[in-house]
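Scroll down for the structure; my scribbles are underneath it.
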Amino acid sequence: MTVEDFLLDFLLGGNLVVLLLAGFIILCILLGVRIVPQSEKHVVERFGRLRAVLGPGINFIVPFLDRVRHKVSILERQLPNASQDAITADNVLVQVETSVFYRILEPEKTVYRIRDVDAAIATTVAGIVRAEIGKMELDEVQSNRAALISTIKGNVEDAVDNWGIEVTRAEILDVNLDQATRDAMLQQLNAERARRAQVTEAEGKKRAVELSADAELYAAEQVAKARRIAAEAEAYATQVVAQAIAEHGLSAAQYQVALKQVEALTALGQGEGKQTIVLPADAVDVFRDAFSLLKGRGT
């Protein structure tokens with residue numbers, strides 16, 4: 001008996017059914033077991049209707065009835081940078097460049113409620129950006145960019161909530177102006193710088209005048225103080241002379257007068273280049289009186 005005859009007898013002997021049954025079971029296992037990667041979710045349909053959403057790991061479905069219709073990535077995605085024109089509250093045309101990051105949380109909503117999710121989000125962001133910038137003036141757009149980004153992100157999240165999407169981040173990358181607006185802003189900036197320079201110069205001059213006035217006031221106070229001290233010294237000297245007169249009589253006063261006259265003549269003689277000294281007629285009498293008084297005081 002040949003090999004071909006042996007196989008034919010084996011199959012015809014009922015083993016064919018077993019083989020077919022084994023093949024069917026293997027096929028059912030292959031169709032009924034689904035291994036979903038960590039970065040994906042699978043949407044399962046039964047007869048065209050949503051049956052289940054398979055998460056990462058091993059999942060089981062009904063073979064021949066259930067079918068994995070959509071495989072959706074749940075990784076964070078970035079929309080291409082978009083640029084749209086907007087007009088601020090003070091009628092300035094600006095070009096805003098935005099970037100949006102999102103991820104799909106509920107694939108069944110994303111699959112059955114929106115066809116092109118990227119285009120829908122981009123359109124939504126453009127409309128919200130125009131609306132929010134239209135409420136602000138140009139200076140506010142430049143200075144309050146963080147608040148503007150937060151507002152745009154919140155509004156986009158509300159708009160795409162029905163699509164099963166989470167907006168993780170929204171960024172305003174740049175705010176560009178047309179050339180005419182840039183020139184006007186540059187002129188304004190130069191004018192502001194010139195104004196600040198003039199104010200600084202005026203404040204410097206004012207401060208200099210104040211310091212000069214303070215210096216003059218200080219000098220006057222010092223002169224007045226010196227005069228007061230001199231007056232006090234003179235008063236003290238007068239008091240001493242008066243006390244001496246009271247104690248020693250008129251001779252003390254005559255002695256002080258004669259001494260002052262001698263000191264004046266001495267100072268006159270000490271001048272440079274003076275070869276001739278002019279003495280008053282009673283100068284000799286002055287010296288004689290001073291010496292006599294000194295002699296009298298010595299006794």
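Labels for the structure tokens follow display order: chains A, B, ..., residues from 1 in each chain, ligands from 1.
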
key: DSSP-assigned strand (DSSP E) members of segment 75-244 of chain A, reported as an NGL selection string   = :A and (77-78 or 82-87 or 93-104 or 165-177)

Give me, as a Markdown table, each residue of segment 44-95 of chain A that comes within 8 Å of segment 111-124 of chain A, together with its shortest interatomic pair and the distance in Å at one decimal, counting only C-alpha atoms, with rows ordered by chain and rising residue number.
| residue | atom | partner | partner_atom | distance |
| --- | --- | --- | --- | --- |
| A:His70 | CA | A:Val111 | CA | 7.8 |
| A:Leu79 | CA | A:Asp118 | CA | 6.6 |
| A:Ala82 | CA | A:Ala122 | CA | 7.5 |

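Between atom CA of Glu76 of chain A and atom CA of Glu106 of chain A there is a distance of 13.3 Å.
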
task = Pick out each residue of segment 66-132 of chain A that DSSP on the backbone tags as alpha helix (DSSP H); I need them as a list in words.
result =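 Alpha helix (DSSP H) members of segment 66-132 of chain A, listed: Pro107, Glu108, Lys109, Thr110, Val111, Tyr112, Arg113, Val117, Asp118, Ala119, Ala120, Ile121, Ala122, Thr123, Thr124, Val125, Ala126, Gly127, Ile128, Val129, Arg130, Ala131 and Glu132 of chain A.
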
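Nearest residue to Ile104 of chain A, choosing from A:Ala147, A:Ala131, A:Val160, A:Ala86 and counting only C-alpha atoms: A:Val160.
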
query = Using only C-alpha atoms, which residues sit within 9 Å of segment 89-102 of chain A once same-chain residues fewer than 2 positions away are excluded, as number ranges by chain?
reply = A: 75-87, 104, 121-122, 125-126, 129-130, 133-138, 153, 165-178, 181

Would you output that residue set with C-alpha atoms, as a short mmCIF file (atom, residue, chain, number, x, y, z; two decimals), in the first residue's frame?
data_model
loop_
_atom_site.label_atom_id
_atom_site.label_comp_id
_atom_site.auth_asym_id
_atom_site.auth_seq_id
_atom_site.Cartn_x
_atom_site.Cartn_y
_atom_site.Cartn_z
CA LEU A 75 -0.82 59.35 22.94
CA GLU A 76 -0.60 63.11 23.21
CA ARG A 77 -0.73 64.79 19.84
CA GLN A 78 0.38 68.18 18.59
CA LEU A 79 -1.50 70.06 15.95
CA PRO A 80 0.60 71.75 13.27
CA ASN A 81 1.42 75.35 14.16
CA ALA A 82 -1.36 77.55 12.86
CA SER A 83 -1.35 81.28 12.13
CA GLN A 84 -4.50 83.38 12.04
CA ASP A 85 -5.26 87.09 11.79
CA ALA A 86 -7.07 88.91 14.57
CA ILE A 87 -8.06 92.49 15.33
CA ILE A 104 -8.11 61.30 23.08
CA ILE A 121 -9.72 71.60 16.83
CA ALA A 122 -7.71 73.96 14.60
CA VAL A 125 -8.84 77.40 18.30
CA ALA A 126 -8.78 80.00 15.50
CA VAL A 129 -8.24 83.23 19.55
CA ARG A 130 -9.91 85.87 17.38
CA ILE A 133 -7.94 89.00 21.22
CA GLY A 134 -10.83 91.15 20.03
CA LYS A 135 -11.61 91.87 23.70
CA MET A 136 -8.11 93.12 24.49
CA GLU A 137 -5.95 96.03 23.41
CA LEU A 138 -2.55 95.44 21.85
CA LYS A 153 -7.15 76.72 26.76
CA ILE A 165 -10.73 65.00 23.85
CA GLU A 166 -8.53 66.55 26.54
CA VAL A 167 -6.58 69.67 25.62
CA THR A 168 -3.34 69.33 27.55
CA ARG A 169 -1.69 72.56 26.44
CA ALA A 170 -2.34 75.59 24.28
CA GLU A 171 0.44 78.01 23.42
CA ILE A 172 0.69 81.38 21.69
CA LEU A 173 4.06 81.16 20.03
CA ASP A 174 4.22 84.64 18.55
CA VAL A 175 2.19 87.79 17.94
CA ASN A 176 3.30 89.53 14.75
CA LEU A 177 2.39 93.04 13.62
CA ASP A 178 2.34 94.60 10.19
CA THR A 181 2.11 99.22 13.14
#

key: Pairwise distance for atom CA of Gly154 of chain A and atom CA of Arg103 of chain A, rounded to one decimal in Å   =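 Separation of atom CA of Gly154 of chain A and atom CA of Arg103 of chain A: 15.2 Å.
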
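Comparing the minimum interatomic distances between Glu45 of chain A and each of A:Val18, A:Ala146, A:Cys28, A:Leu65, counting only C-alpha atoms, we find that A:Leu65 sits nearest.
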